[in-house]
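Below: one structure, written as C-alpha cells.
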Amino acid sequence: MAALSDNARGALLMMASMAAFTLNDTLIKQAGASLPLMQILVMRGVVASAAIGALGWATGAFRARPSRRDGWLIAGRSLCEVGAAYFFLTALMNMPLANVTALLQTLPLTLTLAGALILGEHVGWRRWSAVAAGFAGMLLIVRPGTAGFDAWSLYALVAVLFVTARDLLVRRMSAGLPSVLVTFAASVAVTVFAGLATLGQGWAPVDGREATLVLGAAVLVSLAYLLSVLVMRVGEVSAVAPFRYTGLIWALVLGWLVFGDWPRPATLVGAGLIAAGGLVTLWREGRRRRTVPVRSPVR
C-alpha cells in the first residue's frame, strides 16, 4: 500500500486532535454534574501539566531562552488561556455540547476580522462574505432577543474572544519559540488560577467514577495538545486546517449518545454556515499564504 502523503497524515492528525479535544469536553461535562468546575480544572491541570512538562523535557523545549518580548507574549497568552478555559467550560456545563462547540468554530472568522481591524491585514470580498455568513450562523445558534435565547451562549462567545486574542499573541511570537513551552506555561497558569479559586470553595469528595472521568480528560487533553503540535509539523496548513471542523461531527454524535441532546434545525443550519464560512476563510488564507509566504509564529 502506498505511503500516506504529508497532507493525508496531517489531516489524520488534525481529526485525531479534534476527537481528543471533544472527548475531553465530554468527560469534563460529565464530571461537572457532581464536581465544581474549578476543582476539575485543578485535578486535570496537574496531570496535564505533568504530561506536557515531560514532553517539553524530552524534546528539549525547556532549554529555550525566550526574549523579554516573547516572555511578555507568553504571559499574555497564558492569561487569555485562563479566560478562555473559564468561560468555555462554564458554557459547556450549561449548554449542549454541539452548540458550544459550534460557537467555538467561529475562531477562523474572528481571527480574520481581528487581523483586518487590528493588524491591518488585507481581506478580500470573498473572505468578508465568509465572515458575514459565519456570523449569521452564530446568530442562528445564539438567537438573541428571542424566547430561545440562552445567556450561557454569551460565555461561549467571550471564550472565542479570549481565544482570538490568544492566537493573535501567538502570531507575534518568535519563529523559534517551541510551542510545547508555550502550551506548558498556559496549562500551569490555568491550574494555578483554578487552585486559587478553590481556596474559598473547598473540595467536594471524589469517587472512583469521577476520578476516572477527570483522569481520562487529562490524558485526552494532553494527547490533543501533542497532536496539535504534530499537526503544525506535517502537511500544508491550507490542506490540513479544514479538518478541524470534524470536531463538530464528534460533538453532534457525543452530545446525542452521552447527553441525549440533538440541536434544533436552526442550530444545525447555523453550525453549517459557521463551518462553510470557516472553510472558505481557511481556503482563501491558504491561497494568500502560497502567494505571500508567512512565517509560522511557533514551531
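Following the order of the C-alpha cells, chains are lettered A, B, ..., residues in each are numbered from 1, and ligands are numbered from 1.
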
Distance query Gly53 of chain A at most 12 Å, only C-alpha atoms, self and fewer than 3 positions along chain excluded, as a list in words: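 Residues meeting the cut-off are Gly45, Val46, Val47, Ala48, Ser49, Ala50, Gly56, Trp57, Ala58, Thr59, Gly60, Ala61, Phe62, Ser179, Val180, Leu181, Val182, Thr183, Phe184, Ala185, Ala186, Ser187, Val188, Ser222, Tyr225 and Leu226 of chain A.
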
With N, CA and C atoms retained, export the selected residues as a JSON list (two decimals), in the first residue's frame.
```json
[["chain", "number", "residue", "atom", "x", "y", "z"],
["A", 45, "GLY", "N", -5.53, 19.74, 35.48],
["A", 45, "GLY", "CA", -4.36, 20.54, 35.17],
["A", 45, "GLY", "C", -3.07, 19.96, 35.72],
["A", 46, "VAL", "N", -3.13, 19.37, 36.91],
["A", 46, "VAL", "CA", -1.93, 18.77, 37.50],
["A", 46, "VAL", "C", -1.41, 17.64, 36.60],
["A", 47, "VAL", "N", -2.33, 16.78, 36.17],
["A", 47, "VAL", "CA", -1.93, 15.65, 35.32],
["A", 47, "VAL", "C", -1.47, 16.14, 33.95],
["A", 48, "ALA", "N", -2.26, 17.05, 33.35],
["A", 48, "ALA", "CA", -1.93, 17.53, 32.01],
["A", 48, "ALA", "C", -0.61, 18.31, 32.01],
["A", 49, "SER", "N", -0.40, 19.14, 33.02],
["A", 49, "SER", "CA", 0.85, 19.92, 33.09],
["A", 49, "SER", "C", 2.05, 19.00, 33.24],
["A", 50, "ALA", "N", 1.88, 17.94, 34.04],
["A", 50, "ALA", "CA", 2.98, 16.98, 34.19],
["A", 50, "ALA", "C", 3.29, 16.29, 32.86],
["A", 56, "GLY", "N", 7.93, 18.42, 27.06],
["A", 56, "GLY", "CA", 8.85, 19.54, 26.87],
["A", 56, "GLY", "C", 10.27, 19.17, 27.27],
["A", 57, "TRP", "N", 10.39, 18.42, 28.35],
["A", 57, "TRP", "CA", 11.72, 17.98, 28.81],
["A", 57, "TRP", "C", 12.35, 17.03, 27.79],
["A", 58, "ALA", "N", 11.54, 16.11, 27.28],
["A", 58, "ALA", "CA", 12.06, 15.12, 26.33],
["A", 58, "ALA", "C", 12.48, 15.76, 25.00],
["A", 59, "THR", "N", 11.76, 16.79, 24.59],
["A", 59, "THR", "CA", 12.06, 17.43, 23.30],
["A", 59, "THR", "C", 13.06, 18.57, 23.43],
["A", 60, "GLY", "N", 13.47, 18.88, 24.66],
["A", 60, "GLY", "CA", 14.42, 19.97, 24.85],
["A", 60, "GLY", "C", 13.82, 21.35, 24.77],
["A", 61, "ALA", "N", 12.48, 21.43, 24.84],
["A", 61, "ALA", "CA", 11.82, 22.73, 24.72],
["A", 61, "ALA", "C", 12.19, 23.68, 25.85],
["A", 62, "PHE", "N", 12.47, 23.13, 27.03],
["A", 62, "PHE", "CA", 12.76, 23.98, 28.18],
["A", 62, "PHE", "C", 14.18, 24.56, 28.15],
["A", 179, "SER", "N", 6.51, 25.48, 20.70],
["A", 179, "SER", "CA", 5.09, 25.54, 21.06],
["A", 179, "SER", "C", 4.80, 24.76, 22.34],
["A", 180, "VAL", "N", 5.59, 23.71, 22.63],
["A", 180, "VAL", "CA", 5.37, 22.94, 23.85],
["A", 180, "VAL", "C", 5.63, 23.81, 25.08],
["A", 181, "LEU", "N", 6.63, 24.68, 25.01],
["A", 181, "LEU", "CA", 6.92, 25.58, 26.12],
["A", 181, "LEU", "C", 5.76, 26.55, 26.34],
["A", 182, "VAL", "N", 5.20, 27.07, 25.26],
["A", 182, "VAL", "CA", 4.08, 28.00, 25.35],
["A", 182, "VAL", "C", 2.85, 27.29, 25.93],
["A", 183, "THR", "N", 2.61, 26.07, 25.47],
["A", 183, "THR", "CA", 1.47, 25.29, 25.96],
["A", 183, "THR", "C", 1.62, 24.95, 27.44],
["A", 184, "PHE", "N", 2.83, 24.60, 27.85],
["A", 184, "PHE", "CA", 3.08, 24.26, 29.26],
["A", 184, "PHE", "C", 2.79, 25.47, 30.15],
["A", 185, "ALA", "N", 3.25, 26.65, 29.74],
["A", 185, "ALA", "CA", 3.01, 27.86, 30.53],
["A", 185, "ALA", "C", 1.51, 28.11, 30.69],
["A", 186, "ALA", "N", 0.76, 27.90, 29.62],
["A", 186, "ALA", "CA", -0.69, 28.11, 29.68],
["A", 186, "ALA", "C", -1.36, 27.10, 30.59],
["A", 187, "SER", "N", -0.94, 25.83, 30.51],
["A", 187, "SER", "CA", -1.52, 24.79, 31.35],
["A", 187, "SER", "C", -1.28, 25.07, 32.82],
["A", 188, "VAL", "N", -0.07, 25.49, 33.15],
["A", 188, "VAL", "CA", 0.24, 25.82, 34.54],
["A", 188, "VAL", "C", -0.58, 27.02, 35.01],
["A", 222, "SER", "N", -4.04, 16.20, 27.07],
["A", 222, "SER", "CA", -2.59, 16.13, 26.83],
["A", 222, "SER", "C", -2.32, 15.56, 25.43],
["A", 225, "TYR", "N", -3.18, 18.15, 22.77],
["A", 225, "TYR", "CA", -2.13, 19.17, 22.61],
["A", 225, "TYR", "C", -0.94, 18.60, 21.84],
["A", 226, "LEU", "N", -0.57, 17.36, 22.14],
["A", 226, "LEU", "CA", 0.54, 16.73, 21.42],
["A", 226, "LEU", "C", 0.21, 16.61, 19.94]]
```

Members of segment 23-171 of chain A assigned alpha helix (DSSP H) by DSSP, as a PyMOL selection string: chain A and resi 23-31+37-59+68-94+97-104+107-117+125-142+152-171

Please produce an output containing C-alpha atoms for each residue in the selection, written as an mmCIF file, in the first residue's frame.
```cif
data_model
loop_
_atom_site.group_PDB
_atom_site.id
_atom_site.type_symbol
_atom_site.label_atom_id
_atom_site.label_comp_id
_atom_site.auth_asym_id
_atom_site.auth_seq_id
_atom_site.Cartn_x
_atom_site.Cartn_y
_atom_site.Cartn_z
ATOM 1 C CA LEU A 23 -13.901 13.644 24.092
ATOM 2 C CA ASN A 24 -12.118 15.691 26.767
ATOM 3 C CA ASP A 25 -15.010 18.176 26.757
ATOM 4 C CA THR A 26 -17.476 15.301 27.068
ATOM 5 C CA LEU A 27 -15.736 13.864 30.126
ATOM 6 C CA ILE A 28 -15.421 17.289 31.736
ATOM 7 C CA LYS A 29 -19.140 17.910 31.207
ATOM 8 C CA GLN A 30 -19.960 14.546 32.791
ATOM 9 C CA ALA A 31 -17.694 15.179 35.777
ATOM 10 C CA LEU A 37 -15.558 23.235 37.762
ATOM 11 C CA MET A 38 -12.506 24.761 39.455
ATOM 12 C CA GLN A 39 -11.770 21.518 41.292
ATOM 13 C CA ILE A 40 -11.961 19.639 37.993
ATOM 14 C CA LEU A 41 -9.548 22.106 36.396
ATOM 15 C CA VAL A 42 -7.028 21.645 39.206
ATOM 16 C CA MET A 43 -7.210 17.862 39.025
ATOM 17 C CA ARG A 44 -6.981 17.805 35.236
ATOM 18 C CA GLY A 45 -4.360 20.544 35.170
ATOM 19 C CA VAL A 46 -1.926 18.772 37.496
ATOM 20 C CA VAL A 47 -1.926 15.646 35.323
ATOM 21 C CA ALA A 48 -1.928 17.530 32.007
ATOM 22 C CA SER A 49 0.849 19.916 33.087
ATOM 23 C CA ALA A 50 2.980 16.980 34.191
ATOM 24 C CA ALA A 51 2.437 15.234 30.842
ATOM 25 C CA ILE A 52 3.135 18.357 28.789
ATOM 26 C CA GLY A 53 6.136 19.125 31.000
ATOM 27 C CA ALA A 54 7.527 15.651 30.369
ATOM 28 C CA LEU A 55 7.087 16.191 26.640
ATOM 29 C CA GLY A 56 8.847 19.538 26.869
ATOM 30 C CA TRP A 57 11.723 17.982 28.814
ATOM 31 C CA ALA A 58 12.062 15.116 26.325
ATOM 32 C CA THR A 59 12.058 17.427 23.305
ATOM 33 C CA ARG A 68 11.843 39.610 27.139
ATOM 34 C CA ARG A 69 9.299 40.346 24.411
ATOM 35 C CA ASP A 70 8.423 36.668 23.997
ATOM 36 C CA GLY A 71 8.189 36.342 27.769
ATOM 37 C CA TRP A 72 5.521 39.022 27.906
ATOM 38 C CA LEU A 73 3.711 37.436 24.961
ATOM 39 C CA ILE A 74 3.749 34.045 26.710
ATOM 40 C CA ALA A 75 2.363 35.650 29.870
ATOM 41 C CA GLY A 76 -0.383 37.413 27.913
ATOM 42 C CA ARG A 77 -1.267 34.259 26.043
ATOM 43 C CA SER A 78 -1.447 32.315 29.316
ATOM 44 C CA LEU A 79 -3.865 34.863 30.784
ATOM 45 C CA CYS A 80 -6.001 34.561 27.661
ATOM 46 C CA GLU A 81 -5.948 30.776 28.096
ATOM 47 C CA VAL A 82 -7.219 31.209 31.652
ATOM 48 C CA GLY A 83 -10.115 33.364 30.449
ATOM 49 C CA ALA A 84 -10.908 31.026 27.571
ATOM 50 C CA ALA A 85 -10.902 27.946 29.822
ATOM 51 C CA TYR A 86 -13.173 29.545 32.413
ATOM 52 C CA PHE A 87 -15.757 30.944 30.004
ATOM 53 C CA PHE A 88 -15.748 27.989 27.598
ATOM 54 C CA LEU A 89 -16.087 25.345 30.299
ATOM 55 C CA THR A 90 -18.725 27.337 32.162
ATOM 56 C CA ALA A 91 -20.715 27.490 28.922
ATOM 57 C CA LEU A 92 -20.067 23.782 28.364
ATOM 58 C CA MET A 93 -21.553 22.915 31.754
ATOM 59 C CA ASN A 94 -24.766 24.750 30.885
ATOM 60 C CA LEU A 97 -22.059 20.066 23.636
ATOM 61 C CA ALA A 98 -22.755 20.643 19.921
ATOM 62 C CA ASN A 99 -23.947 24.225 20.475
ATOM 63 C CA VAL A 100 -20.894 25.373 22.404
ATOM 64 C CA THR A 101 -18.557 23.531 20.012
ATOM 65 C CA ALA A 102 -20.202 25.185 17.010
ATOM 66 C CA LEU A 103 -19.763 28.640 18.526
ATOM 67 C CA LEU A 104 -16.084 27.911 19.161
ATOM 68 C CA LEU A 107 -12.466 31.229 15.585
ATOM 69 C CA PRO A 108 -11.114 31.375 11.988
ATOM 70 C CA LEU A 109 -13.698 34.077 11.286
ATOM 71 C CA THR A 110 -12.870 36.169 14.354
ATOM 72 C CA LEU A 111 -9.155 35.842 13.571
ATOM 73 C CA THR A 112 -9.788 37.139 10.053
ATOM 74 C CA LEU A 113 -11.839 40.026 11.438
ATOM 75 C CA ALA A 114 -9.239 40.862 14.084
ATOM 76 C CA GLY A 115 -6.429 40.596 11.547
ATOM 77 C CA ALA A 116 -8.141 43.154 9.344
ATOM 78 C CA LEU A 117 -9.207 45.571 12.080
ATOM 79 C CA TRP A 125 -14.612 40.410 -0.554
ATOM 80 C CA ARG A 126 -14.718 36.601 -0.559
ATOM 81 C CA ARG A 127 -13.357 36.342 2.959
ATOM 82 C CA TRP A 128 -15.586 39.199 4.124
ATOM 83 C CA SER A 129 -18.562 37.278 2.693
ATOM 84 C CA ALA A 130 -17.428 34.135 4.502
ATOM 85 C CA VAL A 131 -17.117 36.067 7.771
ATOM 86 C CA ALA A 132 -20.622 37.504 7.317
ATOM 87 C CA ALA A 133 -22.081 34.038 6.619
ATOM 88 C CA GLY A 134 -20.343 32.602 9.660
ATOM 89 C CA PHE A 135 -21.603 35.323 11.957
ATOM 90 C CA ALA A 136 -25.117 34.852 10.573
ATOM 91 C CA GLY A 137 -24.789 31.214 11.601
ATOM 92 C CA MET A 138 -23.647 32.297 15.042
ATOM 93 C CA LEU A 139 -26.788 34.430 15.433
ATOM 94 C CA LEU A 140 -28.950 31.440 14.477
ATOM 95 C CA ILE A 141 -27.402 29.479 17.350
ATOM 96 C CA VAL A 142 -27.458 32.280 19.938
ATOM 97 C CA TRP A 152 -24.762 30.967 28.549
ATOM 98 C CA SER A 153 -24.099 31.422 24.826
ATOM 99 C CA LEU A 154 -22.516 34.740 25.745
ATOM 100 C CA TYR A 155 -19.966 32.850 27.853
ATOM 101 C CA ALA A 156 -19.041 30.800 24.792
ATOM 102 C CA LEU A 157 -18.664 33.964 22.709
ATOM 103 C CA VAL A 158 -16.470 35.590 25.380
ATOM 104 C CA ALA A 159 -14.337 32.425 25.272
ATOM 105 C CA VAL A 160 -13.987 32.907 21.500
ATOM 106 C CA LEU A 161 -12.761 36.468 22.114
ATOM 107 C CA PHE A 162 -10.137 35.201 24.562
ATOM 108 C CA VAL A 163 -9.000 32.510 22.112
ATOM 109 C CA THR A 164 -8.817 35.095 19.331
ATOM 110 C CA ALA A 165 -6.628 37.340 21.488
ATOM 111 C CA ARG A 166 -4.528 34.318 22.435
ATOM 112 C CA ASP A 167 -3.879 33.398 18.813
ATOM 113 C CA LEU A 168 -3.110 36.986 17.832
ATOM 114 C CA LEU A 169 -0.413 36.994 20.514
ATOM 115 C CA VAL A 170 0.956 33.725 19.111
ATOM 116 C CA ARG A 171 1.305 35.369 15.699
#
```

Atomic distance atom CA of Arg143 of chain A - atom CA of Val123 of chain A, expressed in Å with one decimal: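 Atom-to-atom, atom CA of Arg143 of chain A to atom CA of Val123 of chain A, that is 27.6 Å.
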
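One finds atom CA of Gly32 of chain A at 15.4 Å from atom CA of Gly202 of chain A.
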
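Put simply, atom CA of Gly255 of chain A is 25.1 Å away from atom CA of Val240 of chain A.
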
Surrounding residues of segment 12-22 of chain A excluding itself and chain neighbours under 2 positions, 12 Å, only C-alpha atoms, as number ranges by chain: A: 4-10, 24-29, 92, 97-98, 100-102, 104-105, 216-237, 239-255

Pick from A:Trp203, A:Met95, A:Gly195, A:His122, whichever lies nearest to Ala151 of chain A using only C-alpha atoms: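 For Ala151 of chain A, the nearest of the candidates is A:Met95.
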
Which of A:Gly272, A:Pro178, A:Gly200, A:Pro96 sits closest to Asp150 of chain A [using only C-alpha atoms]: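 Closest to Asp150 of chain A, using only C-alpha atoms: A:Pro96.
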